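For reference, the structure discussed in these notes is given below.
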Amino acid sequence: MSKYPITAQTLEILSSRICHDLIGPVSAVNNGVEFWEEMGADAGDDAIGLIGHSAAQASYKLQLFRLAYASGGAEIHVKLDDIKAAFSNFIEELRAELVWELPEAAYEGALPKGFCKVALNLMMVGVDMLPKGGNIVVKDSSTGENHKIHISLEGEDLAVNIDYKDALDGKTKPENLSPKTVHPYMTMAYAEQYGLRVDIEPTDAGVCFSISKA
């Protein structure tokens, strides 16, 4: 029996989260178009800048969500470079910073299905847990052919409430999930589905997630 069952309600809540994250930049594009229509040529660079910036933000989020939630993100052709690029664009205007210390070449063609998808989702967990900023450090801890990646969250004010922790631990029932807790829950559900192991350990600087083949 799955520790992270997925129901229709789970998918509804996940959809709510995705829509909430996309509505801001999409609405801003619409506002820019309306401003242009009202002001005409007088709108000038302001309207173009607003539309361009907001369209880019919407595109970055769509790229990220496609890798994180859609089936294509689990395929073995998805590389570490792909999730690094998508996540870097996503956090460009956020307080958290990505510190990438992985030798991508060493993993070429070696990672199992779903590995990059789960890694990306855990990096997104880092954004939730570092609302005041900090570092999301991704580094290698492999031994031989046993590939393992550490994702460490380093920040002074790590935000981990009991609901979020229960979602990671599989203690939350699907009907009790919220748009805030559905992401960590789905992250662990993906790990379970693809036969991956995620270990969570506290550190002096924050917390560390380790991903390896179960």
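Identifiers in the structure tokens: chain A, B, ... in order shown; residue index from 1 per chain; ligand index from 1 in order shown.
The protein and nucleic acid residues lying at most 10 Å from Glu192 (chain A) are A:Ser2, A:Lys3, A:Tyr4, A:Gly114, A:Val118, A:Met186, A:Thr187, A:Met188, A:Ala189, A:Tyr190, A:Tyr194, A:Gly195, A:Leu196, A:Arg197, A:Val198, A:Ala214, with only C-alpha atoms considered and sequence neighbours fewer than 2 positions away removed.
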Requested write-out: N, CA and C atoms of the selected residues, as a PDB file, in the first residue's frame:
```pdb
ATOM      1  N   SER A   2       0.496   2.201  -0.827  1.00  0.00           N
ATOM      2  CA  SER A   2       1.288   3.419  -0.948  1.00  0.00           C
ATOM      3  C   SER A   2       1.223   4.269   0.318  1.00  0.00           C
ATOM      4  N   LYS A   3       2.364   4.824   0.668  1.00  0.00           N
ATOM      5  CA  LYS A   3       2.426   5.741   1.799  1.00  0.00           C
ATOM      6  C   LYS A   3       1.920   7.126   1.394  1.00  0.00           C
ATOM      7  N   TYR A   4       1.873   7.366   0.074  1.00  0.00           N
ATOM      8  CA  TYR A   4       1.445   8.667  -0.452  1.00  0.00           C
ATOM      9  C   TYR A   4       0.372   8.454  -1.517  1.00  0.00           C
ATOM     10  N   GLY A 114      13.032   9.234 -13.357  1.00  0.00           N
ATOM     11  CA  GLY A 114      12.431   9.977 -12.250  1.00  0.00           C
ATOM     12  C   GLY A 114      13.425  10.668 -11.342  1.00  0.00           C
ATOM     13  N   VAL A 118      12.551  14.145  -9.247  1.00  0.00           N
ATOM     14  CA  VAL A 118      12.489  14.222  -7.785  1.00  0.00           C
ATOM     15  C   VAL A 118      13.490  15.256  -7.269  1.00  0.00           C
ATOM     16  N   MET A 186       3.562  15.447  -2.963  1.00  0.00           N
ATOM     17  CA  MET A 186       3.720  14.912  -4.308  1.00  0.00           C
ATOM     18  C   MET A 186       5.184  14.580  -4.599  1.00  0.00           C
ATOM     19  N   THR A 187       6.097  15.352  -4.049  1.00  0.00           N
ATOM     20  CA  THR A 187       7.524  15.079  -4.230  1.00  0.00           C
ATOM     21  C   THR A 187       7.869  13.682  -3.725  1.00  0.00           C
ATOM     22  N   MET A 188       7.393  13.381  -2.532  1.00  0.00           N
ATOM     23  CA  MET A 188       7.673  12.062  -1.956  1.00  0.00           C
ATOM     24  C   MET A 188       6.884  10.959  -2.666  1.00  0.00           C
ATOM     25  N   ALA A 189       5.704  11.305  -3.190  1.00  0.00           N
ATOM     26  CA  ALA A 189       4.926  10.329  -3.961  1.00  0.00           C
ATOM     27  C   ALA A 189       5.664   9.956  -5.245  1.00  0.00           C
ATOM     28  N   TYR A 190       6.285  10.948  -5.893  1.00  0.00           N
ATOM     29  CA  TYR A 190       7.074  10.668  -7.092  1.00  0.00           C
ATOM     30  C   TYR A 190       8.265   9.770  -6.750  1.00  0.00           C
ATOM     31  N   TYR A 194       8.856   6.020  -8.431  1.00  0.00           N
ATOM     32  CA  TYR A 194       9.996   5.688  -9.284  1.00  0.00           C
ATOM     33  C   TYR A 194      11.078   4.891  -8.550  1.00  0.00           C
ATOM     34  N   GLY A 195      10.757   4.397  -7.386  1.00  0.00           N
ATOM     35  CA  GLY A 195      11.684   3.535  -6.676  1.00  0.00           C
ATOM     36  C   GLY A 195      12.938   4.254  -6.189  1.00  0.00           C
ATOM     37  N   LEU A 196      12.773   5.482  -5.740  1.00  0.00           N
ATOM     38  CA  LEU A 196      13.891   6.276  -5.248  1.00  0.00           C
ATOM     39  C   LEU A 196      13.781   6.475  -3.745  1.00  0.00           C
ATOM     40  N   ARG A 197      14.913   6.618  -3.120  1.00  0.00           N
ATOM     41  CA  ARG A 197      14.942   6.828  -1.683  1.00  0.00           C
ATOM     42  C   ARG A 197      15.306   8.279  -1.387  1.00  0.00           C
ATOM     43  N   VAL A 198      14.541   8.916  -0.522  1.00  0.00           N
ATOM     44  CA  VAL A 198      14.838  10.281  -0.079  1.00  0.00           C
ATOM     45  C   VAL A 198      15.024  10.263   1.434  1.00  0.00           C
ATOM     46  N   ALA A 214      16.412   3.324  -4.338  1.00  0.00           N
ATOM     47  CA  ALA A 214      15.956   2.591  -3.151  1.00  0.00           C
ATOM     48  C   ALA A 214      16.486   1.170  -3.156  1.00  0.00           C
TER      49      ALA A 214
END
```
For this session: Quick one: everything within 12 Å of Asn176 (chain A), counting only C-alpha atoms, minus sequence neighbours fewer than 2 positions away in the same chain. Send it as a list of chain:residue names.
Result: A:Thr7, A:Gln9, A:Thr10, A:Ile13, A:Asp163, A:Tyr164, A:Asp166, A:Ala167, A:Gly170, A:Lys171, A:Thr172, A:Lys173, A:Pro174, A:Ser178, A:Pro179, A:Lys180, A:Thr181, A:Val182, A:Tyr185
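Across A:Glu175, A:Asp21, A:Glu154, A:Glu34, the tightest approach to Asn135 (chain A) is made by A:Glu154 when counting only C-alpha atoms.
Nearest to Arg17 (chain A) of all the residues A:Lys117, A:Glu145, A:Trp36, A:Tyr69 is A:Tyr69, counting only C-alpha atoms.
Using only C-alpha atoms, the residues found no farther than 7 Å from region 119-122 of chain A, other than those of its own chain fewer than 2 positions away, are Ala68, Ile83, Phe115, Cys116, Lys117, Met124, Val125, Gly126 and Thr187 of chain A.
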